[in-house]
Structure formats: structure tokens, C-alpha cells
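Chemist: Data: query05.txt, compact mmCIF, C-alpha atoms.
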# COMPACT_ATOMS: atom_id res chain seq x y z
CA MET A 1 -85.75 75.30 39.47
CA ARG A 2 -82.90 72.87 40.03
CA LYS A 3 -85.29 70.34 41.64
CA THR A 4 -87.71 70.68 38.74
CA LEU A 5 -84.94 70.19 36.18
CA PHE A 6 -83.68 67.20 38.13
CA LYS A 7 -87.12 65.58 37.92
CA ILE A 8 -87.36 66.35 34.20
CA HIS A 9 -83.86 64.96 33.67
CA SER A 10 -84.65 61.78 35.60
CA TRP A 11 -88.01 61.01 34.04
CA ILE A 12 -86.90 61.67 30.46
CA ALA A 13 -83.88 59.43 31.04
CA LEU A 14 -86.13 56.65 32.36
CA CYS A 15 -88.66 56.95 29.54
CA ALA A 16 -86.00 57.03 26.81
CA LEU A 17 -83.57 54.59 28.45
CA ILE A 18 -83.72 51.67 25.99
CA PRO A 19 -84.03 53.71 22.75
CA LEU A 20 -81.11 55.95 23.72
CA ILE A 21 -78.97 52.90 24.47
CA VAL A 22 -79.83 51.51 21.02
CA ILE A 23 -79.02 54.85 19.36
CA SER A 24 -75.78 55.13 21.32
CA ILE A 25 -74.44 51.65 20.50
CA THR A 26 -75.46 51.67 16.85
CA GLY A 27 -74.15 55.21 16.33
CA SER A 28 -70.75 54.39 17.82
CA VAL A 29 -70.44 51.35 15.55
CA LEU A 30 -71.51 53.34 12.48
CA VAL A 31 -68.68 55.82 12.99
CA PHE A 32 -66.51 53.06 11.50
CA LYS A 33 -69.05 51.94 8.88
CA SER A 34 -66.62 52.10 5.96
CA GLU A 35 -63.92 50.20 7.85
CA ILE A 36 -66.40 47.51 8.96
CA ASP A 37 -67.73 47.12 5.41
CA GLY A 38 -64.17 46.63 4.23
CA LEU A 39 -63.60 43.88 6.81
CA LEU A 40 -66.90 42.08 6.22
CA MET A 41 -66.96 42.23 2.42
CA PRO A 42 -63.47 43.07 1.12
CA ASP A 43 -64.10 41.56 -2.33
CA SER A 44 -66.98 43.93 -3.09
CA HIS A 45 -66.07 46.99 -1.03
CA PHE A 46 -62.51 47.44 -2.29
CA VAL A 47 -60.89 47.41 -5.73
CA VAL A 48 -57.27 46.38 -6.26
CA ASP A 49 -56.44 48.35 -9.40
CA SER A 50 -57.14 51.81 -8.00
CA HIS A 51 -54.13 53.33 -9.79
CA ALA A 52 -55.71 52.66 -13.17
CA GLU A 53 -57.88 55.18 -14.98
CA ARG A 54 -61.60 55.15 -14.39
CA LYS A 55 -63.70 53.82 -17.22
CA PRO A 56 -66.10 56.37 -18.72
CA ILE A 57 -69.20 56.33 -16.59
CA ASP A 58 -71.42 55.76 -19.65
CA LYS A 59 -69.72 52.39 -20.18
CA LEU A 60 -70.22 51.52 -16.52
CA ILE A 61 -73.90 52.49 -16.74
CA ALA A 62 -74.23 50.33 -19.87
CA VAL A 63 -72.76 47.37 -17.94
CA ALA A 64 -75.26 47.88 -15.13
CA GLU A 65 -78.22 48.14 -17.48
CA HIS A 66 -77.09 45.07 -19.44
CA GLU A 67 -76.49 42.92 -16.35
CA PHE A 68 -79.65 43.98 -14.53
CA PRO A 69 -82.31 44.78 -17.15
CA SER A 70 -85.20 44.55 -14.67
CA TYR A 71 -83.86 47.58 -12.80
CA VAL A 72 -83.46 51.29 -13.52
CA VAL A 73 -80.28 53.08 -12.41
CA GLY A 74 -81.42 55.63 -9.82
CA SER A 75 -78.13 57.03 -8.54
CA TRP A 76 -74.40 56.35 -8.67
CA GLU A 77 -71.89 56.93 -5.87
CA ILE A 78 -68.52 57.79 -7.41
CA PHE A 79 -65.13 56.98 -5.87
CA ASN A 80 -61.66 57.73 -7.18
CA ASP A 81 -59.71 55.64 -4.68
CA ASP A 82 -59.72 51.96 -3.68
CA THR A 83 -63.41 52.01 -2.73
CA ALA A 84 -65.70 50.42 -5.31
CA ASP A 85 -68.46 52.52 -6.86
CA ARG A 86 -71.89 51.91 -5.31
CA VAL A 87 -74.83 51.84 -7.70
CA TYR A 88 -78.40 52.27 -6.49
CA LEU A 89 -81.13 50.65 -8.56
CA ILE A 90 -84.92 50.79 -8.59
CA GLU A 91 -86.84 47.71 -9.61
CA ARG A 92 -88.98 48.61 -12.61
CA GLY A 93 -92.61 49.20 -11.72
CA THR A 94 -91.91 49.49 -7.99
CA ASP A 95 -90.49 52.02 -5.53
CA THR A 96 -88.07 49.49 -4.02
CA TRP A 97 -84.38 50.38 -3.99
CA TYR A 98 -81.42 48.02 -4.33
CA LYS A 99 -77.69 48.48 -4.56
CA PHE A 100 -74.62 46.70 -5.87
CA HIS A 101 -70.88 47.34 -6.20
CA ILE A 102 -68.88 47.73 -9.40
CA ASN A 103 -65.17 48.08 -10.13
CA GLN A 104 -64.95 51.53 -11.71
CA TYR A 105 -61.56 50.72 -13.28
CA SER A 106 -62.39 47.40 -14.94
CA GLY A 107 -66.18 47.43 -15.17
CA GLU A 108 -66.42 44.15 -13.22
CA ILE A 109 -69.62 43.57 -11.24
CA LEU A 110 -68.52 42.90 -7.64
CA SER A 111 -71.87 42.05 -6.04
CA GLN A 112 -75.48 41.35 -6.92
CA PRO A 113 -78.33 43.78 -6.23
CA VAL A 114 -79.54 43.57 -2.63
CA SER A 115 -81.86 45.73 -0.54
CA THR A 116 -80.38 48.91 0.88
CA SER A 117 -80.54 47.40 4.39
CA HIS A 118 -79.13 44.00 3.44
CA TYR A 119 -75.59 44.39 4.73
CA PHE A 120 -74.86 44.47 8.46
CA THR A 121 -73.92 48.15 8.68
CA ASP A 122 -76.84 49.18 6.47
CA TRP A 123 -79.20 47.26 8.75
CA PHE A 124 -77.52 48.94 11.72
CA LEU A 125 -78.04 52.34 10.08
CA GLU A 126 -81.75 51.60 9.67
CA LEU A 127 -81.92 50.52 13.32
CA HIS A 128 -80.10 53.68 14.38
CA TYR A 129 -82.47 56.09 12.62
CA THR A 130 -85.83 54.31 12.60
CA PHE A 131 -85.61 51.36 15.05
CA LEU A 132 -86.67 49.22 12.05
CA LEU A 133 -90.23 50.53 12.45
CA ASN A 134 -90.68 52.27 9.09
CA ASP A 135 -91.19 48.99 7.21
CA LEU A 136 -93.82 47.59 9.56
CA LYS A 137 -97.12 47.51 7.70
CA THR A 138 -99.04 47.81 10.98
CA LEU A 139 -97.59 51.30 11.58
CA PRO A 140 -97.63 54.52 9.53
CA GLY A 141 -94.70 54.73 7.12
CA GLN A 142 -92.57 57.28 9.01
CA THR A 143 -93.22 56.11 12.58
CA GLY A 144 -89.59 55.14 13.19
CA THR A 145 -88.31 58.41 11.74
CA VAL A 146 -90.62 60.46 13.97
CA LEU A 147 -89.65 58.47 17.07
CA GLY A 148 -85.99 58.93 16.23
CA PHE A 149 -86.57 62.69 16.02
CA PHE A 150 -88.23 62.82 19.45
CA PHE A 151 -85.55 60.70 21.09
CA ALA A 152 -82.95 63.09 19.65
CA ILE A 153 -84.86 65.91 21.36
CA PHE A 154 -84.85 63.92 24.60
CA LEU A 155 -81.09 63.45 24.32
CA PHE A 156 -80.68 67.20 23.77
CA ILE A 157 -82.85 67.99 26.81
CA LEU A 158 -80.86 65.54 28.93
CA GLY A 159 -77.62 67.24 27.91
CA VAL A 160 -78.90 70.76 28.61
CA THR A 161 -80.62 69.94 31.91
CA GLY A 162 -77.55 67.99 33.07
CA LEU A 163 -75.31 71.00 32.44
CA ILE A 164 -77.71 73.34 34.23
CA ILE A 165 -78.11 71.01 37.22
CA TYR A 166 -74.34 70.68 37.56
CA ARG A 167 -73.57 74.19 36.37
CA LYS A 168 -70.69 74.52 38.86
CA PHE A 169 -69.09 71.39 37.46
CA TRP A 170 -65.63 72.97 37.10
CA GLN A 171 -65.21 73.04 40.88
CA ARG A 172 -65.09 69.23 41.19
CA LEU A 173 -64.95 68.03 37.58
CA PHE A 174 -62.17 65.44 37.98
CA SER A 175 -62.77 64.81 41.69
CA VAL A 176 -64.14 61.29 42.18
CA ARG A 177 -64.53 60.23 45.82
CA PHE A 178 -63.41 56.60 45.38
CA LYS A 179 -63.30 55.96 49.15
CA ALA A 180 -66.96 56.90 49.56
CA THR A 181 -70.02 54.66 49.10
CA LEU A 182 -70.78 53.12 45.72
CA GLN A 183 -73.66 55.54 45.21
CA ILE A 184 -71.40 58.59 45.71
CA VAL A 185 -68.66 57.15 43.46
CA LEU A 186 -71.14 56.45 40.66
CA SER A 187 -72.73 59.86 41.14
CA ASP A 188 -69.35 61.58 40.71
CA ILE A 189 -68.50 59.51 37.64
CA HIS A 190 -71.98 60.13 36.20
CA LYS A 191 -71.53 63.88 36.54
CA MET A 192 -67.99 63.86 35.14
CA THR A 193 -68.94 61.68 32.16
CA GLY A 194 -72.00 63.77 31.36
CA VAL A 195 -70.17 67.09 31.57
CA LEU A 196 -67.16 65.99 29.51
CA GLY A 197 -69.30 64.33 26.85
CA SER A 198 -72.07 66.92 26.73
CA PRO A 199 -70.66 69.08 23.87
CA ILE A 200 -70.44 66.09 21.53
CA ILE A 201 -73.69 64.59 22.80
CA LEU A 202 -75.49 67.88 22.08
CA ILE A 203 -73.98 67.94 18.58
CA LEU A 204 -75.14 64.37 17.95
CA ALA A 205 -78.62 65.18 19.24
CA ILE A 206 -79.01 68.31 17.09
CA THR A 207 -77.63 66.77 13.88
CA GLY A 208 -79.44 63.45 14.32
CA GLY A 209 -82.71 65.20 15.06
CA TYR A 210 -82.29 67.36 11.98
CA PHE A 211 -81.71 64.34 9.72
CA ASN A 212 -84.85 62.61 10.97
CA TRP A 213 -86.87 65.80 10.70
CA ALA A 214 -85.65 66.41 7.14
CA VAL A 215 -86.68 62.90 6.03
CA TRP A 216 -90.09 63.25 7.68
CA TYR A 217 -90.64 66.71 6.20
CA HIS A 218 -89.71 65.52 2.71
CA GLU A 219 -91.94 62.45 2.83
CA VAL A 220 -94.94 63.72 4.79
CA VAL A 221 -95.11 67.47 4.17
CA GLU A 222 -93.63 68.06 0.72
CA HIS A 223 -95.28 64.94 -0.72
CA ALA A 224 -98.33 64.86 1.51
CA GLU A 225 -100.82 64.71 -1.35
CA GLU A 226 -98.60 63.02 -3.91
CA GLN A 227 -97.95 59.41 -4.78
CA HIS A 228 -94.38 58.36 -5.40
CA PHE A 229 -93.75 58.23 -9.11
CA ILE A 230 -93.17 54.63 -10.20
CA LEU A 231 -90.31 54.26 -12.65
CA THR A 232 -90.66 51.80 -15.50
CA LYS A 233 -87.93 53.32 -17.68
CA ASN A 234 -85.28 56.03 -17.66
CA LEU A 235 -86.66 59.56 -17.57
CA HIS A 236 -83.54 61.00 -19.19
CA SER A 237 -82.78 60.92 -22.91
CA ASP A 238 -80.83 57.94 -24.24
CA THR A 239 -78.47 60.39 -25.94
CA ILE A 240 -77.22 61.90 -22.66
CA ASN A 241 -73.44 61.68 -22.32
CA PHE A 242 -72.85 61.37 -18.59
CA GLN A 243 -69.08 61.41 -18.92
CA ALA A 244 -69.39 64.75 -20.70
CA ILE A 245 -71.45 65.96 -17.73
CA LEU A 246 -68.73 64.84 -15.29
CA ASP A 247 -66.08 66.57 -17.39
CA ASP A 248 -68.13 69.76 -17.75
CA SER A 249 -68.83 69.92 -14.00
CA LYS A 250 -65.16 70.67 -13.34
CA LYS A 251 -65.53 73.78 -15.49
CA GLN A 252 -68.74 74.95 -13.85
CA ILE A 253 -67.39 75.08 -10.28
CA PRO A 254 -63.65 75.52 -9.64
CA THR A 255 -61.99 72.41 -8.07
CA PHE A 256 -65.30 70.50 -8.25
CA ASN A 257 -65.08 66.72 -7.88
CA GLY A 258 -68.26 64.74 -8.54
CA THR A 259 -69.17 62.21 -5.85
CA PHE A 260 -72.82 61.32 -6.40
CA LEU A 261 -74.83 61.27 -9.62
CA VAL A 262 -78.62 61.30 -9.27
CA MET A 263 -80.85 60.49 -12.24
CA PRO A 264 -84.27 62.15 -12.61
CA LEU A 265 -86.68 60.13 -10.48
CA GLU A 266 -89.77 62.28 -11.07
CA PRO A 267 -91.08 63.76 -14.33
CA ASP A 268 -90.23 67.31 -13.22
CA GLU A 269 -86.67 66.47 -12.08
CA ASN A 270 -83.40 66.79 -13.98
CA ILE A 271 -79.94 65.24 -13.63
CA THR A 272 -78.12 66.34 -10.47
CA LEU A 273 -74.46 65.86 -9.71
CA PHE A 274 -73.31 66.28 -6.10
CA GLY A 275 -69.67 66.88 -5.29
CA GLU A 276 -66.94 68.36 -3.13
CA VAL A 277 -64.63 71.33 -3.65
CA ASP A 278 -61.39 72.59 -2.17
CA SER A 279 -62.31 74.63 0.87
CA ASN A 280 -60.77 75.98 4.05
CA ASN A 281 -63.83 74.68 5.88
CA PRO A 282 -62.96 71.22 7.31
CA LEU A 283 -66.66 70.52 7.92
CA ALA A 284 -67.74 70.94 4.28
CA SER A 285 -69.18 67.60 3.19
CA GLU A 286 -68.45 65.62 0.06
CA TYR A 287 -72.01 66.33 -1.12
CA ALA A 288 -72.05 70.05 -0.36
CA ASN A 289 -72.17 71.29 -3.97
CA THR A 290 -74.58 70.49 -6.78
CA ILE A 291 -74.69 71.03 -10.53
CA THR A 292 -77.90 70.44 -12.47
CA TYR A 293 -78.20 69.35 -16.11
CA ASP A 294 -81.18 69.05 -18.42
CA LYS A 295 -82.39 65.45 -18.66
CA LYS A 296 -83.31 65.77 -22.34
CA THR A 297 -80.37 67.70 -23.76
CA GLY A 298 -77.65 67.39 -21.12
CA GLU A 299 -77.22 71.17 -21.09
CA HIS A 300 -76.07 72.88 -17.92
CA ILE A 301 -78.86 74.49 -15.86
CA ALA A 302 -77.59 75.66 -12.47
CA ASN A 303 -74.82 75.50 -9.85
CA TRP A 304 -74.80 75.45 -6.08
CA ASP A 305 -71.40 76.32 -4.61
CA ILE A 306 -71.24 75.92 -0.82
CA ARG A 307 -68.48 78.54 -0.66
CA GLU A 308 -70.84 81.21 -1.98
CA VAL A 309 -73.94 80.63 0.16
CA GLY A 310 -74.96 81.94 3.57
CA ILE A 311 -73.72 80.69 6.90
CA GLY A 312 -76.98 78.85 7.58
CA TRP A 313 -76.53 76.50 4.63
CA LYS A 314 -72.90 75.93 5.58
CA VAL A 315 -73.93 74.97 9.10
CA ILE A 316 -76.54 72.51 7.83
CA ASP A 317 -74.04 71.00 5.40
CA SER A 318 -71.56 70.52 8.28
CA PHE A 319 -74.06 68.28 10.08
CA ARG A 320 -72.97 65.22 8.09
CA LYS A 321 -69.33 65.29 9.20
CA LEU A 322 -70.27 66.43 12.68
CA HIS A 323 -72.74 63.59 13.17
CA PHE A 324 -70.44 60.82 11.95
CA GLY A 325 -67.27 62.43 13.28
CA TYR A 326 -64.95 61.93 10.30
CA PHE A 327 -63.90 65.57 9.87
CA ALA A 328 -60.44 65.00 11.41
CA GLY A 329 -59.72 61.46 10.32
CA LEU A 330 -59.17 58.58 12.71
CA LEU A 331 -58.69 60.80 15.77
CA SER A 332 -62.14 62.40 15.57
CA LYS A 333 -63.71 59.03 14.73
CA ILE A 334 -62.29 57.42 17.87
CA LEU A 335 -63.40 60.37 19.99
CA TRP A 336 -66.92 60.29 18.52
CA CYS A 337 -67.11 56.53 19.04
CA VAL A 338 -66.07 56.73 22.70
CA ILE A 339 -68.26 59.73 23.57
CA GLY A 340 -71.09 58.22 21.54
CA LEU A 341 -71.07 55.27 23.93
CA SER A 342 -71.22 57.49 27.02
CA PRO A 343 -75.06 57.48 27.13
CA VAL A 344 -74.85 53.74 27.80
CA TRP A 345 -72.74 54.37 30.91
CA LEU A 346 -74.86 57.38 31.86
CA ALA A 347 -78.01 55.28 31.51
CA GLY A 348 -76.61 52.52 33.69
CA THR A 349 -75.30 54.77 36.45
CA GLY A 350 -78.32 57.05 36.26
CA PHE A 351 -80.72 54.12 36.61
CA TYR A 352 -78.77 52.80 39.59
CA LEU A 353 -78.81 56.21 41.27
CA TRP A 354 -82.53 56.62 40.62
CA LEU A 355 -83.25 53.15 41.99
CA SER A 356 -81.11 53.83 45.08
CA ARG A 357 -82.94 57.10 45.80
CA ARG A 358 -86.27 55.38 45.26
CA ASN A 359 -85.42 52.55 47.66
CA ARG A 360 -84.07 55.04 50.21
CA LYS A 361 -87.30 57.03 50.09
CA LYS A 362 -89.37 53.88 50.53
CA GLN A 363 -87.22 52.84 53.47
CA SER A 364 -87.61 56.28 55.06
CA GLN A 365 -91.37 56.08 54.57
CA ARG A 366 -91.47 52.63 56.21
CA ASN A 367 -89.39 53.90 59.11
CA ARG A 368 -91.78 56.81 59.66
CA GLU A 369 -94.77 54.50 59.57
CA GLN A 370 -93.11 52.17 62.09
CA ARG A 371 -92.38 55.10 64.42
CA ARG A 372 -95.97 56.31 64.15
CA THR A 373 -97.25 52.82 64.87
CA ALA A 374 -94.91 52.44 67.87
CA THR A 375 -95.99 55.84 69.21
CA ALA A 376 -99.66 54.94 68.84
CA LEU A 377 -99.16 51.63 70.72
CA ASN A 378 -97.27 53.33 73.53
CA THR A 379 -100.07 55.81 74.09
Can I see the file as C-alpha cells?
Modeler:
Amino acid sequence: MRKTLFKIHSWIALCALIPLIVISITGSVLVFKSEIDGLLMPDSHFVVDSHAERKPIDKLIAVAEHEFPSYVVGSWEIFNDDTADRVYLIERGTDTWYKFHINQYSGEILSQPVSTSHYFTDWFLELHYTFLLNDLKTLPGQTGTVLGFFFAIFLFILGVTGLIIYRKFWQRLFSVRFKATLQIVLSDIHKMTGVLGSPIILILAITGGYFNWAVWYHEVVEHAEEQHFILTKNLHSDTINFQAILDDSKKQIPTFNGTFLVMPLEPDENITLFGEVDSNNPLASEYANTITYDKKTGEHIANWDIREVGIGWKVIDSFRKLHFGYFAGLLSKILWCVIGLSPVWLAGTGFYLWLSRRNRKKQSQRNREQRRTATALNT
């Protein structure tokens, strides 16, 4: 069985070599997405008057609609610190999304609407999940998402087979034979790196695969026979008081803090407010809880409190923090970044070891043929 698993491990690694390197590098960079955005575009990513009081969100929405009349506000990412609010727009009569930044304390527009993959880290995020294949008109719409899902499965299989192959890893885990040949040294380091990084690598594979599967399922299965509804105007009533909704949400779920407001994007949808709550679960995400309001009257409809649901939903919600590694601040981010890069090293050492074994086998075969030829001549 070990020989069979070794072959499976080797061939999957060879077939998925380049995509896994791309996923590894982009994922490690994206761990620090917010920090990189702040460095590359400080004037639009940050606000300087974060100690002031937020303007009512209805006034901010009015600013957005006045400044960009050819767009419909689709969703609004809410921040209460020095990070500027991010507003997501849909161009009227299309299904194309854009985003811009606004100072939530002064109402100042900090950037112009651009595509959701315009900025460097957003482009990197698209590369990480879809290899930039989803927008190619020569391929089906979710090709990149599906490929990303399968490469996540390959990464998971590599992690599991590696642990099984080296199941007695604890006996020589930190023992690297530096005085031996280069092949032996790299083999020891390959095993040690794989074993030490495997728990996080398996987490990244499972969570990343789930995200890609969820997008594919939503687009291809749930909407298989439906066309995306094209917005030409707001689907909610003009009399809706969104600030009243934000204020009421704190009463609906104890300690609720709204983080993401989603407008109705389909005729049968209502207003949804995502948010976070105080919890003893460090893996609960900032979008774990939802409160729904009627799009015509603004009346409360339903709550979803992550603290009151089953363990399965809590596990799925934890995938966000587990995948991006920000559940323990800078320490976990650094760890996730370093381990996230380990497949690059594993790919390099693994390819070298495979190539060395291949060349050794060819040399052995040539030697046998030479011996047979010499024996035949002597007789």
C-alpha cells in the first residue's frame, strides 16, 4: 500500500505542480491583504478621523447615489475603525460589479468606482481562487472555480498520503542528515516540512475547496435554469430607513455589530444585515450572524445567531478565519503565511527527488542493457 500511495503522491504532485505553486504564493500574500492595501492605497483605504461619530448610513447612501447615478448600491461593508467603508455597486442594466471607498465619518468619496479585481490584492484574490479563468469567454463561466476546487482536493490528498507514507515521522522528525548526499538531505527536509506543515495545509485545502464548491453550487446548481436578474433600479422602498435598521439590529441579537449590509438583488430577496457578536469562539467570523428586514416596509423578519445553531454551521463559519489565518492576530497570520509557502518548497524538493529517482532508474536500465550486450558478445 505504501508503494501505491507513494506513486499517487508523486503523480498528483507532478500534475498539480504549477497550480499549487500559484495557490501557495498568492494565498500567503493574501494573508496580509488588508495591510498591503493600506500600503498601496493609504488615501482610500484608511480614514484619519476615526474617533469621530459615523454619519447616518442613509446620508452616506445618498452621497453614493448622487455621485454615481449610473450605478445601484448592491452592498455596503461597514467599518467602525480607521478602515474606510467599502461600497459595492452594480452598473444599471448590467450584472457587472464595481466598488469604491468612502469616509464614513465625513462622507467624502475616497476613490472612484473600479472593477472588483482592479486593485493588486483583488486581482491576486481572483488568481488565487480561479486562476483568472472565469472571465475568459472561450471557457464556461465557472471553469476557474471548478479547477480551484479540484486542486484543493489534490492538496488534501497530498497531505494525507504524505502523512501515511511517513507515518512513523516522530522517530526522525527533526533529524536531517546534512553530511549525506544532496538527495538524502533534501529528502529529510521534504519529509520534515511536509509533516510539520500538514495540519495547516490540510485546513487550507478543506476550507479553500469548500469556498470554491460553494460558489460553484450557488451559480451552477441553485441557479442552473435561471438568468441573473438585471438591476435597473433599487428593489427596496425609497422610504426605508437603513440607519433605523442598523439601530434595531442591536436589539434583535444581543451584542450584535453590523458589518455588511446587502440590498435585495433579486425580486424575491429582502434586506440582509450581516454582523458579529461577542462570543467565546475565537473562530466565529465577522459575518457569522444575519438579520433580515422587509424591503418594502423595513420591518424585522428573521434572525440568525451563530451562538444558537448546531456545530456544523459553526464549523463552516470558522472556515473564513481558518483559511486566512487571522483568528489570533499577527502571530497566526505570520504562521499561516510561512506554512502557506511550504508547498513551494515541497514542490521544488519533490520534483528534484522525482527527477533523481527517474534518472537513477534510467541509468540502472542502461547498465543492465550494457551488461546483457557484453555477455552476448562474450558468448
Chemist: Pick from A:Phe260, A:Tyr105, A:Phe242, A:Trp313: nearest to Thr297 in chain A, with all atoms listed in the file counted?
Modeler: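 That would be A:Phe242, the residue with the smallest distance to Thr297 in chain A.
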Chemist: For Ile334 in chain A, which residue among A:Thr349, A:Tyr287, A:Val146, A:Leu30 is the nearest when counting all atoms listed in the file?
Modeler: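 Between A:Thr349, A:Tyr287, A:Val146, A:Leu30, the residue approaching Ile334 in chain A most closely is A:Leu30.
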Chemist: Tell me which of A:Ala84, A:Leu110, A:Ile201, A:Ala328 sits closest to Phe46 in chain A, counting all atoms listed in the file.
Modeler: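 Of A:Ala84, A:Leu110, A:Ile201, A:Ala328, the one nearest Phe46 in chain A, counting all atoms listed in the file, is A:Ala84.
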Chemist: I'd like the neighbourhood of range 288-293 of chain A as a CSV table (one decimal) with C-alpha atoms, in the frame of the given file, where a residue qualifies if any of its atoms comes within 6 Å (using only C-alpha atoms), though same-chain residues fewer than 3 positions away should be ignored.
Modeler:
chain,number,residue,atom,x,y,z
A,271,ILE,CA,-79.9,65.2,-13.6
A,272,THR,CA,-78.1,66.3,-10.5
A,273,LEU,CA,-74.5,65.9,-9.7
A,274,PHE,CA,-73.3,66.3,-6.1
A,275,GLY,CA,-69.7,66.9,-5.3
A,285,SER,CA,-69.2,67.6,3.2
A,298,GLY,CA,-77.6,67.4,-21.1
A,299,GLU,CA,-77.2,71.2,-21.1
A,300,HIS,CA,-76.1,72.9,-17.9
A,301,ILE,CA,-78.9,74.5,-15.9
A,302,ALA,CA,-77.6,75.7,-12.5
A,303,ASN,CA,-74.8,75.5,-9.8
A,304,TRP,CA,-74.8,75.4,-6.1
A,305,ASP,CA,-71.4,76.3,-4.6
A,306,ILE,CA,-71.2,75.9,-0.8
Chemist: Could you tell me which of A:Pro140, A:Gly107, A:Gly74, A:Gly38 comes closest to Pro56 in chain A if we count all atoms listed in the file?
Modeler: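 For Pro56 in chain A, the nearest of the candidates is A:Gly107.
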Chemist: Do you have the CA of Ala13 in chain A-CA of Lys333 in chain A distance handy?
Modeler: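 According to the coordinates, CA of Ala13 in chain A and CA of Lys333 in chain A are separated by 25.9 Å.
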Chemist: If you count all atoms listed in the file, which residues fall within 12 Å of Ala214 in chain A, apart from same-chain ones fewer than 3 positions away, as a ChimeraX atom specification?
Modeler: /A:142,145-146,148-149,207-211,217-222,316
Chemist: Using only C-alpha atoms, pick whichever of A:Lys296, A:Ala284, A:Asp247, A:Phe229 has the shortest atom-to-atom distance to Phe319 in chain A.
Modeler: A:Ala284
Chemist: Enumerate, in order of chain and increasing residue number, the residues of range 277-378 of chain A with an atom no farther than 10 Å from range 173-192 of chain A, each with its shortest atom pair and distance in Å to one decimal, counting only C-alpha atoms, as a Markdown table.
Modeler:
| residue | atom | partner | partner_atom | distance |
| --- | --- | --- | --- | --- |
| A:Ser342 | CA | A:His190 | CA | 9.6 |
| A:Pro343 | CA | A:His190 | CA | 9.9 |
| A:Trp345 | CA | A:His190 | CA | 7.9 |
| A:Leu346 | CA | A:His190 | CA | 5.9 |
| A:Ala347 | CA | A:His190 | CA | 9.0 |
| A:Gly348 | CA | A:His190 | CA | 9.3 |
| A:Thr349 | CA | A:Leu186 | CA | 6.2 |
| A:Gly350 | CA | A:His190 | CA | 7.0 |
| A:Tyr352 | CA | A:Gln183 | CA | 8.1 |
| A:Leu353 | CA | A:Gln183 | CA | 6.5 |
| A:Ser356 | CA | A:Gln183 | CA | 7.6 |
| A:Arg357 | CA | A:Gln183 | CA | 9.4 |
Chemist: Rounded to one decimal place, report the CA of Lys55 in chain A-CA of Lys33 in chain A distance in Å.
Modeler: 26.7 Å
Chemist: Between A:Ser75, A:Ser318, A:Ser24, A:Thr232, which residue has the minimum interatomic distance to Leu127 in chain A, considering only C-alpha atoms?
Modeler: A:Ser24
Chemist: Rounded to one decimal, what separation in Å do you get between CA of Ile164 in chain A and CA of Ile206 in chain A?
Modeler: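 Between these atoms lies a distance of 17.9 Å.
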Chemist: For a cutoff of 10 Å around the file-coordinate point (-59.9, 73.8, -1.5), which residues qualify once you count all atoms listed in the file? I'd like the result as a PyMOL selection string.
Modeler: chain A and resi 254-256+276-282+307
Chemist: Go ahead and fit an axis-aligned box to every listed atom of range 318-335 of chain A plus 4 Å each side, and pass me the centre and edge lengths in Å, one decimal, as JSON.
Modeler:
{"center_x": -66.4, "center_y": 64.0, "center_z": 14.0, "size_x": 23.4, "size_y": 21.1, "size_z": 19.9}
Chemist: Is it possible to add all heavy atoms to range 123-128 of chain A and hand it back as a tab-separated table (two decimals), in the coordinates of the input?
Modeler:
chain	number	residue	atom	x	y	z
A	123	TRP	N	-78.13	47.63	7.81
A	123	TRP	CA	-79.20	47.26	8.75
A	123	TRP	C	-79.05	48.02	10.05
A	123	TRP	O	-80.03	48.50	10.63
A	123	TRP	CB	-79.14	45.76	9.00
A	123	TRP	CG	-80.18	45.26	9.96
A	123	TRP	CD1	-81.47	44.92	9.67
A	123	TRP	CD2	-80.00	45.04	11.37
A	123	TRP	NE1	-82.11	44.51	10.83
A	123	TRP	CE2	-81.24	44.57	11.88
A	123	TRP	CE3	-78.93	45.20	12.24
A	123	TRP	CZ2	-81.43	44.25	13.22
A	123	TRP	CZ3	-79.11	44.89	13.59
A	123	TRP	CH2	-80.35	44.42	14.07
A	124	PHE	N	-77.81	48.18	10.51
A	124	PHE	CA	-77.52	48.94	11.72
A	124	PHE	C	-77.92	50.40	11.55
A	124	PHE	O	-78.41	51.04	12.48
A	124	PHE	CB	-76.04	48.82	12.06
A	124	PHE	CG	-75.78	48.26	13.43
A	124	PHE	CD1	-76.46	47.14	13.87
A	124	PHE	CD2	-74.84	48.83	14.27
A	124	PHE	CE1	-76.23	46.61	15.13
A	124	PHE	CE2	-74.60	48.32	15.54
A	124	PHE	CZ	-75.30	47.21	15.97
A	125	LEU	N	-77.68	50.95	10.36
A	125	LEU	CA	-78.04	52.34	10.08
A	125	LEU	C	-79.55	52.52	10.15
A	125	LEU	O	-80.05	53.51	10.71
A	125	LEU	CB	-77.52	52.74	8.70
A	125	LEU	CG	-77.68	54.20	8.31
A	125	LEU	CD1	-76.85	55.10	9.21
A	125	LEU	CD2	-77.27	54.41	6.85
A	126	GLU	N	-80.29	51.55	9.60
A	126	GLU	CA	-81.75	51.60	9.67
A	126	GLU	C	-82.22	51.50	11.12
A	126	GLU	O	-83.15	52.20	11.54
A	126	GLU	CB	-82.34	50.45	8.84
A	126	GLU	CG	-83.83	50.53	8.62
A	126	GLU	CD	-84.23	51.62	7.64
A	126	GLU	OE1	-83.36	52.14	6.92
A	126	GLU	OE2	-85.42	51.97	7.62
A	127	LEU	N	-81.58	50.64	11.90
A	127	LEU	CA	-81.92	50.52	13.32
A	127	LEU	C	-81.61	51.81	14.06
A	127	LEU	O	-82.39	52.24	14.93
A	127	LEU	CB	-81.12	49.36	13.93
A	127	LEU	CG	-81.27	49.11	15.43
A	127	LEU	CD1	-82.71	48.74	15.78
A	127	LEU	CD2	-80.31	48.01	15.90
A	128	HIS	N	-80.52	52.45	13.72
A	128	HIS	CA	-80.10	53.68	14.38
A	128	HIS	C	-81.10	54.81	14.17
A	128	HIS	O	-81.42	55.54	15.11
A	128	HIS	CB	-78.73	54.09	13.83
A	128	HIS	CG	-78.18	55.35	14.42
A	128	HIS	ND1	-77.69	55.42	15.70
A	128	HIS	CD2	-78.03	56.60	13.89
A	128	HIS	CE1	-77.26	56.66	15.95
A	128	HIS	NE2	-77.46	57.39	14.88
